[in-house]
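Asker: Data: data-v9.cif, mmCIF, C-alpha atoms.
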data_my_file
loop_
_atom_site.label_atom_id
_atom_site.label_comp_id
_atom_site.auth_asym_id
_atom_site.auth_seq_id
_atom_site.Cartn_x
_atom_site.Cartn_y
_atom_site.Cartn_z
CA MET X 1 0.00 0.00 0.00
CA ASN X 2 1.31 3.45 -0.95
CA LYS X 3 1.86 5.81 1.99
CA LEU X 4 3.43 9.07 3.07
CA THR X 5 6.98 8.38 4.29
CA SER X 6 9.13 10.70 6.40
CA ILE X 7 12.51 11.79 5.06
CA ASP X 8 15.25 14.18 6.17
CA ASP X 9 18.50 15.59 4.78
CA GLY X 10 20.06 12.12 4.85
CA GLN X 11 17.75 10.91 2.08
CA ILE X 12 18.43 13.70 -0.43
CA SER X 13 20.65 11.55 -2.65
CA GLY X 14 17.99 8.87 -2.97
CA LEU X 15 15.39 11.50 -3.73
CA LEU X 16 17.50 13.00 -6.52
CA GLN X 17 18.31 9.61 -8.03
CA ALA X 18 14.76 8.24 -8.05
CA GLU X 19 13.56 7.79 -11.64
CA GLY X 20 9.86 8.03 -10.88
CA LEU X 21 7.88 10.98 -9.59
CA SER X 22 8.31 11.98 -5.93
CA VAL X 23 6.06 14.41 -4.11
CA VAL X 24 7.68 16.03 -1.07
CA LEU X 25 5.76 18.02 1.53
CA MET X 26 7.86 20.24 3.79
CA THR X 27 6.08 21.31 6.93
CA SER X 28 6.49 21.92 10.67
CA PRO X 29 4.44 21.04 13.75
CA TRP X 30 3.52 24.75 14.14
CA ASP X 31 2.56 25.13 10.49
CA GLY X 32 -1.25 25.02 10.33
CA ASN X 33 -1.48 25.00 6.54
CA GLY X 34 1.09 22.22 6.42
CA ILE X 35 -0.93 20.08 8.81
CA ILE X 36 -3.93 20.38 6.48
CA LEU X 37 -1.77 19.62 3.45
CA ARG X 38 -0.39 16.53 5.14
CA SER X 39 -3.91 15.21 5.56
CA ILE X 40 -4.72 16.01 1.91
CA ILE X 41 -1.61 14.26 0.65
CA GLU X 42 -2.19 11.21 2.84
CA ASN X 43 -5.55 10.87 1.11
CA LEU X 44 -3.92 11.17 -2.33
CA THR X 45 -1.44 8.33 -1.81
CA ALA X 46 -4.01 5.68 -2.71
CA GLN X 47 -4.94 7.47 -5.95
CA PHE X 48 -1.38 7.53 -7.27
CA PRO X 49 0.26 4.18 -6.45
CA ALA X 50 3.25 4.81 -8.74
CA VAL X 51 4.18 8.07 -7.02
CA GLN X 52 6.45 8.24 -3.98
CA PHE X 53 5.01 10.55 -1.32
CA ARG X 54 7.44 12.03 1.22
CA VAL X 55 7.15 14.43 4.15
CA ALA X 56 10.05 16.34 5.72
CA ASP X 57 10.23 18.50 8.82
CA TYR X 58 11.23 21.97 7.66
CA GLU X 59 13.42 22.89 10.63
CA ALA X 60 15.04 19.47 10.95
CA SER X 61 15.93 19.39 7.23
CA PRO X 62 17.79 22.63 6.41
CA ARG X 63 19.51 21.19 3.34
CA LEU X 64 16.19 20.14 1.84
CA ALA X 65 14.79 23.60 2.58
CA ARG X 66 17.76 25.25 0.86
CA LEU X 67 17.65 22.82 -2.03
CA PHE X 68 14.06 23.79 -2.76
CA ASN X 69 14.55 27.46 -1.86
CA LEU X 70 11.76 27.29 0.69
CA MET X 71 11.85 30.30 3.03
CA SER X 72 9.08 29.01 5.27
CA PRO X 73 6.73 26.02 5.33
CA PRO X 74 4.62 24.65 3.85
CA GLY X 75 5.93 23.71 0.44
CA ILE X 76 5.14 20.91 -1.98
CA LEU X 77 7.79 19.81 -4.43
CA LEU X 78 7.51 17.46 -7.37
CA ILE X 79 10.76 15.85 -8.46
CA LYS X 80 11.41 13.37 -11.24
CA ALA X 81 14.76 11.92 -12.30
CA GLY X 82 16.70 14.65 -10.50
CA GLU X 83 14.64 17.45 -12.01
CA MET X 84 12.37 19.74 -10.05
CA ILE X 85 9.12 19.68 -12.01
CA GLN X 86 6.98 21.86 -9.75
CA ARG X 87 7.33 23.87 -6.57
CA VAL X 88 4.24 25.13 -4.77
CA THR X 89 4.31 27.20 -1.60
CA GLY X 90 1.51 28.09 0.79
CA PRO X 91 -2.00 26.65 0.90
CA VAL X 92 -3.14 24.66 -2.13
CA SER X 93 -6.22 22.53 -2.84
CA ALA X 94 -6.35 18.75 -3.24
CA GLY X 95 -7.61 19.21 -6.80
CA ARG X 96 -4.65 21.40 -7.73
CA ILE X 97 -2.16 18.92 -6.24
CA SER X 98 -3.82 16.06 -8.15
CA ASP X 99 -3.59 18.05 -11.39
CA LEU X 100 0.09 18.77 -10.86
CA ILE X 101 0.80 15.10 -10.18
CA ARG X 102 -1.07 13.99 -13.33
CA GLU X 103 0.82 16.55 -15.43
CA ALA X 104 4.19 15.46 -14.03
CA ALA X 105 3.66 11.69 -13.96
CA MET W 1 28.02 26.45 -0.18
CA ASN W 2 26.39 25.04 2.93
CA THR W 3 24.70 22.45 0.81
CA ASP W 4 27.01 20.40 -1.34
CA ILE W 5 24.20 19.69 -3.75
CA PHE W 6 24.53 21.49 -7.03
CA LYS W 7 21.50 23.32 -8.44
CA VAL W 8 21.60 23.75 -12.17
CA PHE W 9 19.10 25.57 -14.34
CA ILE W 10 19.16 24.52 -18.01
CA LEU W 11 17.58 26.60 -20.77
CA GLU W 12 17.44 24.25 -23.77
CA ASP W 13 14.67 23.37 -26.20
CA MET W 14 16.27 20.25 -27.74
CA GLN W 15 15.62 17.12 -25.68
CA LEU W 16 18.76 15.31 -26.85
CA ASP W 17 21.00 18.27 -26.04
CA LEU W 18 19.28 18.63 -22.68
CA GLU W 19 20.08 15.02 -21.79
CA LEU W 20 23.70 15.44 -22.92
CA ASN W 21 24.03 18.54 -20.73
CA LYS W 22 22.60 16.71 -17.74
CA ARG W 23 24.93 13.76 -18.23
CA GLN W 24 28.01 16.01 -18.26
CA VAL W 25 26.84 18.00 -15.21
CA ARG W 26 26.43 14.73 -13.31
CA LYS W 27 30.05 13.89 -14.14
CA TYR W 28 31.04 17.12 -12.41
CA ASN W 29 28.75 16.51 -9.43
CA PRO W 30 26.39 13.50 -9.18
CA GLU W 31 24.42 15.23 -6.42
CA VAL W 32 22.55 17.64 -8.64
CA LEU W 33 19.05 19.06 -8.83
CA PHE W 34 18.00 20.36 -12.23
CA ALA W 35 15.32 22.79 -13.31
CA VAL W 36 14.60 23.01 -17.02
CA ALA W 37 13.02 25.62 -19.29
CA ARG W 38 12.37 25.15 -23.00
CA ASN W 39 11.11 28.64 -23.79
CA ARG W 40 10.83 32.17 -22.41
CA THR W 41 7.65 31.54 -20.43
CA GLU W 42 9.07 28.55 -18.56
CA PHE W 43 12.36 30.37 -18.06
CA GLU W 44 10.77 33.41 -16.44
CA GLU W 45 8.34 31.29 -14.41
CA LYS W 46 10.93 28.98 -12.92
CA LEU W 47 14.25 30.77 -12.69
CA VAL W 48 13.90 32.97 -9.62
CA ASP W 49 11.96 30.39 -7.59
CA PHE W 50 14.66 27.82 -8.25
CA GLN W 51 17.63 30.01 -7.23
CA PRO W 52 20.23 28.00 -9.17
CA ASP W 53 23.93 27.80 -8.42
CA ILE W 54 24.56 28.11 -12.15
CA VAL W 55 22.64 28.61 -15.41
CA LEU W 56 23.45 26.72 -18.61
CA SER W 57 21.81 28.19 -21.68
CA ASP W 58 21.53 27.48 -25.37
CA TYR W 59 21.95 30.59 -27.51
CA ASN W 60 19.17 30.17 -30.06
CA LEU W 61 15.76 29.38 -28.61
CA PRO W 62 12.36 29.50 -30.30
CA ASP W 63 11.23 32.75 -28.67
CA MET W 64 14.33 34.31 -27.14
CA ASN W 65 18.07 34.37 -27.54
CA GLY W 66 20.77 33.62 -25.03
CA LEU W 67 21.76 37.23 -24.47
CA GLU W 68 18.22 38.05 -23.40
CA ALA W 69 18.39 35.12 -20.98
CA LEU W 70 21.71 36.33 -19.63
CA LEU W 71 20.42 39.85 -19.06
CA TYR W 72 17.35 38.44 -17.29
CA VAL W 73 19.60 36.44 -14.98
CA ARG W 74 21.77 39.46 -14.26
CA GLU W 75 18.67 41.51 -13.46
CA HIS W 76 17.02 38.94 -11.18
CA LEU W 77 19.80 36.75 -9.77
CA ASP W 78 22.70 39.17 -9.68
CA GLY W 79 26.03 37.33 -9.92
CA THR W 80 24.81 33.80 -10.61
CA PRO W 81 27.29 32.12 -12.99
CA PHE W 82 25.98 31.75 -16.54
CA ILE W 83 27.42 29.52 -19.28
CA PHE W 84 26.39 29.41 -22.91
CA ILE W 85 26.30 25.95 -24.46
CA THR W 86 25.58 26.43 -28.10
CA GLY W 87 26.07 25.11 -31.57
CA ILE W 88 26.62 28.48 -33.23
CA LEU W 89 28.51 30.81 -30.94
CA ASN W 90 31.67 30.53 -33.02
CA ASP W 91 32.04 34.08 -34.21
CA GLU W 92 34.83 35.78 -32.27
CA GLU W 93 33.02 39.09 -31.99
CA LYS W 94 29.90 37.41 -30.68
CA VAL W 95 31.93 35.47 -28.13
CA ALA W 96 33.57 38.70 -26.96
CA GLU W 97 30.19 40.44 -26.73
CA THR W 98 28.79 37.54 -24.75
CA ILE W 99 31.59 37.48 -22.23
CA LEU W 100 31.50 41.27 -21.90
CA SER W 101 27.76 41.07 -21.25
CA GLY W 102 28.48 39.06 -18.13
CA ALA W 103 28.57 35.40 -19.13
CA SER W 104 30.95 33.25 -17.11
CA GLY W 105 31.93 31.17 -20.12
CA TYR W 106 30.77 29.40 -23.24
CA LEU W 107 31.07 25.98 -24.76
CA LEU W 108 30.29 24.67 -28.21
CA LYS W 109 27.92 21.72 -28.21
CA GLU W 110 30.48 19.68 -30.13
CA ASN W 111 32.78 20.11 -27.09
CA ILE W 112 30.15 19.20 -24.49
CA LYS W 113 32.50 16.66 -22.90
CA LYS W 114 34.55 19.61 -21.65
CA LEU W 115 31.63 20.84 -19.52
CA PRO W 116 32.80 19.22 -16.23
CA GLU W 117 36.16 20.95 -16.62
CA LEU W 118 34.51 24.30 -17.36
CA LEU W 119 32.17 23.90 -14.37
CA THR W 120 35.16 23.29 -12.10
CA THR W 121 36.74 26.54 -13.29
CA VAL W 122 33.57 28.65 -13.18
CA VAL W 123 32.49 27.42 -9.74
CA ALA W 124 35.98 28.12 -8.34
CA GLN W 125 35.96 31.62 -9.85
CA ASN W 126 32.54 32.36 -8.37
CA SER W 127 32.89 30.67 -4.98
CA GLN W 128 32.86 33.97 -3.11
CA VAL W 129 29.65 35.14 -4.82
CA MET W 130 28.01 31.77 -4.15
CA GLN W 131 29.01 31.84 -0.47
CA GLN W 132 27.61 35.36 -0.11
CA ARG W 133 24.30 34.29 -1.67
CA GLU W 134 24.18 31.34 0.73
CA GLN W 135 24.66 33.63 3.73
CA ASP W 136 22.03 36.05 2.45
CA TRP W 137 19.58 33.20 2.00
CA GLN W 138 20.19 31.89 5.53
CA ARG W 139 19.66 35.34 6.98
CA ARG W 140 16.39 35.87 5.11
CA LYS W 141 15.20 32.40 6.10
CA GLU W 142 15.87 33.06 9.78
CA GLN W 143 13.98 36.36 9.60
CA GLN W 144 11.07 34.69 7.85
CA MET W 145 10.94 31.86 10.39
CA ALA W 146 11.03 34.24 13.38
CA LEU W 147 8.19 36.23 11.86
CA GLN W 148 6.10 33.13 11.07
CA LYS W 149 6.47 31.86 14.63
CA ALA W 150 5.55 35.26 16.06
CA ILE W 151 2.42 35.29 13.88
CA GLY W 152 1.52 31.80 15.10
CA THR W 153 1.84 32.91 18.72
CA LEU W 154 -0.21 36.07 18.16
CA ARG W 155 -2.99 34.10 16.47
CA ASN W 156 -3.51 32.26 19.76
CA THR W 157 -3.59 35.47 21.81
CA ASP W 158 -6.51 37.89 22.21
CA PHE W 159 -5.80 41.63 22.14
CA VAL W 160 -7.33 44.79 20.69
CA GLY W 161 -6.39 45.35 17.04
CA LYS W 162 -5.23 41.76 16.58
CA ASP W 163 -6.49 41.46 13.00
CA ASP W 164 -4.70 44.62 11.88
CA VAL W 165 -1.43 43.59 13.52
CA LEU W 166 -1.60 40.13 11.93
CA ALA W 167 -2.38 41.63 8.52
CA GLN W 168 0.67 43.92 8.78
CA LEU W 169 2.93 41.06 9.84
CA LEU W 170 1.69 38.87 6.99
CA LYS W 171 2.55 41.68 4.57
CA LEU W 172 6.04 41.70 6.02
CA THR W 173 6.43 37.93 5.47
CA ASP W 174 5.40 38.39 1.83
CA GLY W 175 8.10 41.00 1.46
CA LEU W 176 10.76 38.68 2.85
CA ALA W 177 9.79 35.69 0.70
#
Output the file's structure as C-alpha cells, nothing else.

Answerer:
Amino acid sequence: MNKLTSIDDGQISGLLQAEGLSVVLMTSPWDGNGIILRSIIENLTAQFPAVQFRVADYEASPRLARLFNLMSPPGILLIKAGEMIQRVTGPVSAGRISDLIREAA
Amino acid sequence: MNTDIFKVFILEDMQLDLELNKRQVRKYNPEVLFAVARNRTEFEEKLVDFQPDIVLSDYNLPDMNGLEALLYVREHLDGTPFIFITGILNDEEKVAETILSGASGYLLKENIKKLPELLTTVVAQNSQVMQQREQDWQRRKEQQMALQKAIGTLRNTDFVGKDDVLAQLLKLTDGLA
C-alpha cells in the first residue's frame, strides 16, 4: 500500500536519483497549513500508487529547505529523475495537487 | 556552499542536447538538482523560484536568444554564474560580446564533454559570490521563520487590534519571501 513516508537531509541523494515521480511536503508542527496539506496528501497516496510521497520537517531538514529554496513552510515539491518539475508554496487545494501530479507523472 | 548539492538551471529546447548537458553535469557533481526551461515563459516562471547555483543556456531558442536570458539572470539573480552551451557561438566578436555582457563562459555543443572541466573553473571563480548568496539566504530564512512563529503565537492570543497587527505582519512575510 502506498503511503506518506518521512525523510530528512540524509535521504536527499535517494530523492534525486529516483527515476519516478516523488512528491515532497515540507512542513512543521507549528505550520497550520502544512498540517492540512499533510492530511490532503495522505488521502492522495491511494490514488497515485506509482508516485512516492514524502514528508520532511522543515526545521530538521535545512539542506532540503535550501535545495528547494523554501523560506518558510509549507511547500510541496515534485521531483522526477533529479529534475524539479513543480514547486508550490503556501495553501493549495487537493484538486490542484492532483492536477500537478497527473501533469508530471 | 552550505549544501554540497549542485542546483543547475538549463535553458534548452532540444531534448537530446538537454540530456547530454545533464549527463556532463552529473560527471562534475552526481548530487545535482535540475530545473529546465524550454522557452521564455518557462524560463521566467521557474528561474527565480529555483535560485540556481549556475545557469546553462543554449543561444538560439524559439522565442528568445541567449543574451536576453543572460540579461534576465543578471537583473534577477545578480552574480549567478551563466554559461552558454551552443552550436553556433563561433564568431569571435559574438563570443567577446557575450563574455563582456556578463557570461561566465561558453562551450560549443560539439565540445560538451569539456563541460565538467569548465564547471570546475567557473564554480571556483565564483565561490565567493556563491558563499555570499548562501549567507544572504540563511539570513532571510531566519527572519522569515522568526516572523512566522511570532504570527503563530499572536494568532492564539486575544488583544485589541489583533487582526490589523496580523495583517501587517503577513505583509512583512510576503516582502521577505

Asker: Sorted by chain and rising residue number, list the residues of range 23-75 of chain X at most 12 Å from range 147-162 of chain W (counting only C-alpha atoms), each with its closest atom pair and distance in Å to one decimal, as a tab-separated table.

Answerer:
residue	atom	partner	partner_atom	distance
X:Ser28	CA	W:Lys149	CA	10.7
X:Pro29	CA	W:Lys149	CA	11.0
X:Trp30	CA	W:Gly152	CA	7.4
X:Asp31	CA	W:Gly152	CA	8.2
X:Gly32	CA	W:Gly152	CA	8.7
X:Asn33	CA	W:Gly152	CA	11.3
X:Met71	CA	W:Gln148	CA	10.3
X:Ser72	CA	W:Gln148	CA	7.7
X:Pro73	CA	W:Gln148	CA	9.2
X:Pro74	CA	W:Gln148	CA	11.2

Asker: Taking all atoms listed in the file into account, report as a VMD selection string which residues of chain W lie within 10 Å of chain X.

Answerer: chain W and resid 2 to 9 22 30 to 36 46 48 to 52 134 137 to 138 140 to 149 152 to 153 173 176 to 177

Asker: Write out, as a PDB file, keeping the file's coordinate frame, the residues just selected, with C-alpha atoms.

Answerer:
ATOM      1  CA  ASN W   2      26.390  25.040   2.930  1.00  0.00           C
ATOM      2  CA  THR W   3      24.700  22.450   0.810  1.00  0.00           C
ATOM      3  CA  ASP W   4      27.010  20.400  -1.340  1.00  0.00           C
ATOM      4  CA  ILE W   5      24.200  19.690  -3.750  1.00  0.00           C
ATOM      5  CA  PHE W   6      24.530  21.490  -7.030  1.00  0.00           C
ATOM      6  CA  LYS W   7      21.500  23.320  -8.440  1.00  0.00           C
ATOM      7  CA  VAL W   8      21.600  23.750 -12.170  1.00  0.00           C
ATOM      8  CA  PHE W   9      19.100  25.570 -14.340  1.00  0.00           C
ATOM      9  CA  LYS W  22      22.600  16.710 -17.740  1.00  0.00           C
ATOM     10  CA  PRO W  30      26.390  13.500  -9.180  1.00  0.00           C
ATOM     11  CA  GLU W  31      24.420  15.230  -6.420  1.00  0.00           C
ATOM     12  CA  VAL W  32      22.550  17.640  -8.640  1.00  0.00           C
ATOM     13  CA  LEU W  33      19.050  19.060  -8.830  1.00  0.00           C
ATOM     14  CA  PHE W  34      18.000  20.360 -12.230  1.00  0.00           C
ATOM     15  CA  ALA W  35      15.320  22.790 -13.310  1.00  0.00           C
ATOM     16  CA  VAL W  36      14.600  23.010 -17.020  1.00  0.00           C
ATOM     17  CA  LYS W  46      10.930  28.980 -12.920  1.00  0.00           C
ATOM     18  CA  VAL W  48      13.900  32.970  -9.620  1.00  0.00           C
ATOM     19  CA  ASP W  49      11.960  30.390  -7.590  1.00  0.00           C
ATOM     20  CA  PHE W  50      14.660  27.820  -8.250  1.00  0.00           C
ATOM     21  CA  GLN W  51      17.630  30.010  -7.230  1.00  0.00           C
ATOM     22  CA  PRO W  52      20.230  28.000  -9.170  1.00  0.00           C
ATOM     23  CA  GLU W 134      24.180  31.340   0.730  1.00  0.00           C
ATOM     24  CA  TRP W 137      19.580  33.200   2.000  1.00  0.00           C
ATOM     25  CA  GLN W 138      20.190  31.890   5.530  1.00  0.00           C
ATOM     26  CA  ARG W 140      16.390  35.870   5.110  1.00  0.00           C
ATOM     27  CA  LYS W 141      15.200  32.400   6.100  1.00  0.00           C
ATOM     28  CA  GLU W 142      15.870  33.060   9.780  1.00  0.00           C
ATOM     29  CA  GLN W 143      13.980  36.360   9.600  1.00  0.00           C
ATOM     30  CA  GLN W 144      11.070  34.690   7.850  1.00  0.00           C
ATOM     31  CA  MET W 145      10.940  31.860  10.390  1.00  0.00           C
ATOM     32  CA  ALA W 146      11.030  34.240  13.380  1.00  0.00           C
ATOM     33  CA  LEU W 147       8.190  36.230  11.860  1.00  0.00           C
ATOM     34  CA  GLN W 148       6.100  33.130  11.070  1.00  0.00           C
ATOM     35  CA  LYS W 149       6.470  31.860  14.630  1.00  0.00           C
ATOM     36  CA  GLY W 152       1.520  31.800  15.100  1.00  0.00           C
ATOM     37  CA  THR W 153       1.840  32.910  18.720  1.00  0.00           C
ATOM     38  CA  THR W 173       6.430  37.930   5.470  1.00  0.00           C
ATOM     39  CA  LEU W 176      10.760  38.680   2.850  1.00  0.00           C
ATOM     40  CA  ALA W 177       9.790  35.690   0.700  1.00  0.00           C
TER      41      ALA W 177
END

Asker: Can you list what the PyMOL selection byres ((chain X and resi 97) around 10) grabs from this structure, as a ChimeraX atom specification?

Answerer: /X:23,37,40-41,44,76,78,88,92-96,98-103

Asker: List as a list in words: which residues have an atom within 12 Å of (17.5, 20.0, -23.8), counting all atoms listed in the file?

Answerer: Phe9, Ile10, Leu11, Glu12, Asp13, Met14, Gln15, Leu16, Asp17, Leu18, Glu19, Leu20, Asn21, Lys22, Arg23, Phe34, Ala35, Val36, Ala37, Arg38, Asn39, Leu56, Ser57, Asp58, Leu61, Ile85, Thr86 and Lys109 of chain W

Asker: On this structure, the PyMOL selection byres ((chain W and resi 104) around 6) would catch which residues? List them as a ChimeraX atom specification, sorted by chain and number.

Answerer: /W:81-83,103,105

Asker: Would you save the residues of that selection, restricted to C-alpha atoms, as a compact mmCIF listing (two decimals), in the coordinates of the input?

Answerer:
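Contents of out.txt, as written:
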# COMPACT_ATOMS: atom_id res chain seq x y z
CA PRO W 81 27.29 32.12 -12.99
CA PHE W 82 25.98 31.75 -16.54
CA ILE W 83 27.42 29.52 -19.28
CA ALA W 103 28.57 35.40 -19.13
CA GLY W 105 31.93 31.17 -20.12

Asker: Evaluated on this file, the PyMOL selection byres ((chain W and resi 75-79) around 9) picks out some residues - which ones are they, written as a VMD selection string?

Answerer: chain W and resid 47 to 48 51 to 52 70 to 74 80 to 82 102 126 129 to 130 133

Asker: Please indicate the distance in Å from CA of Lys3 in chain X to CA of Thr45 in chain X, rounded to one decimal place.

Answerer: 5.6 Å

Asker: What is the CA of Phe53 in chain X-CA of Gly90 in chain X distance in Å, reported with one decimal?

Answerer: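 It comes out at 18.0 Å.
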
Asker: Any idea what's packed within 7 Å of range 112-120 of chain W, counting all atoms listed in the file, ignoring anything in its chain fewer than 2 positions away? Could you give it as a ChimeraX atom specification?

Answerer: /W:24-25,27-28,107-110,122-124

Asker: I need the residue nearest Val51 in chain X from this list: X:Ser22, X:Ser39, X:Ser6, X:Thr27. Use all atoms listed in the file for the distance.

Answerer: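 The closest residue to Val51 in chain X is X:Ser22.
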
Asker: So what do you get for CA of Ile54 in chain W versus CA of Ser61 in chain X, distance-wise?

Answerer: 22.9 Å
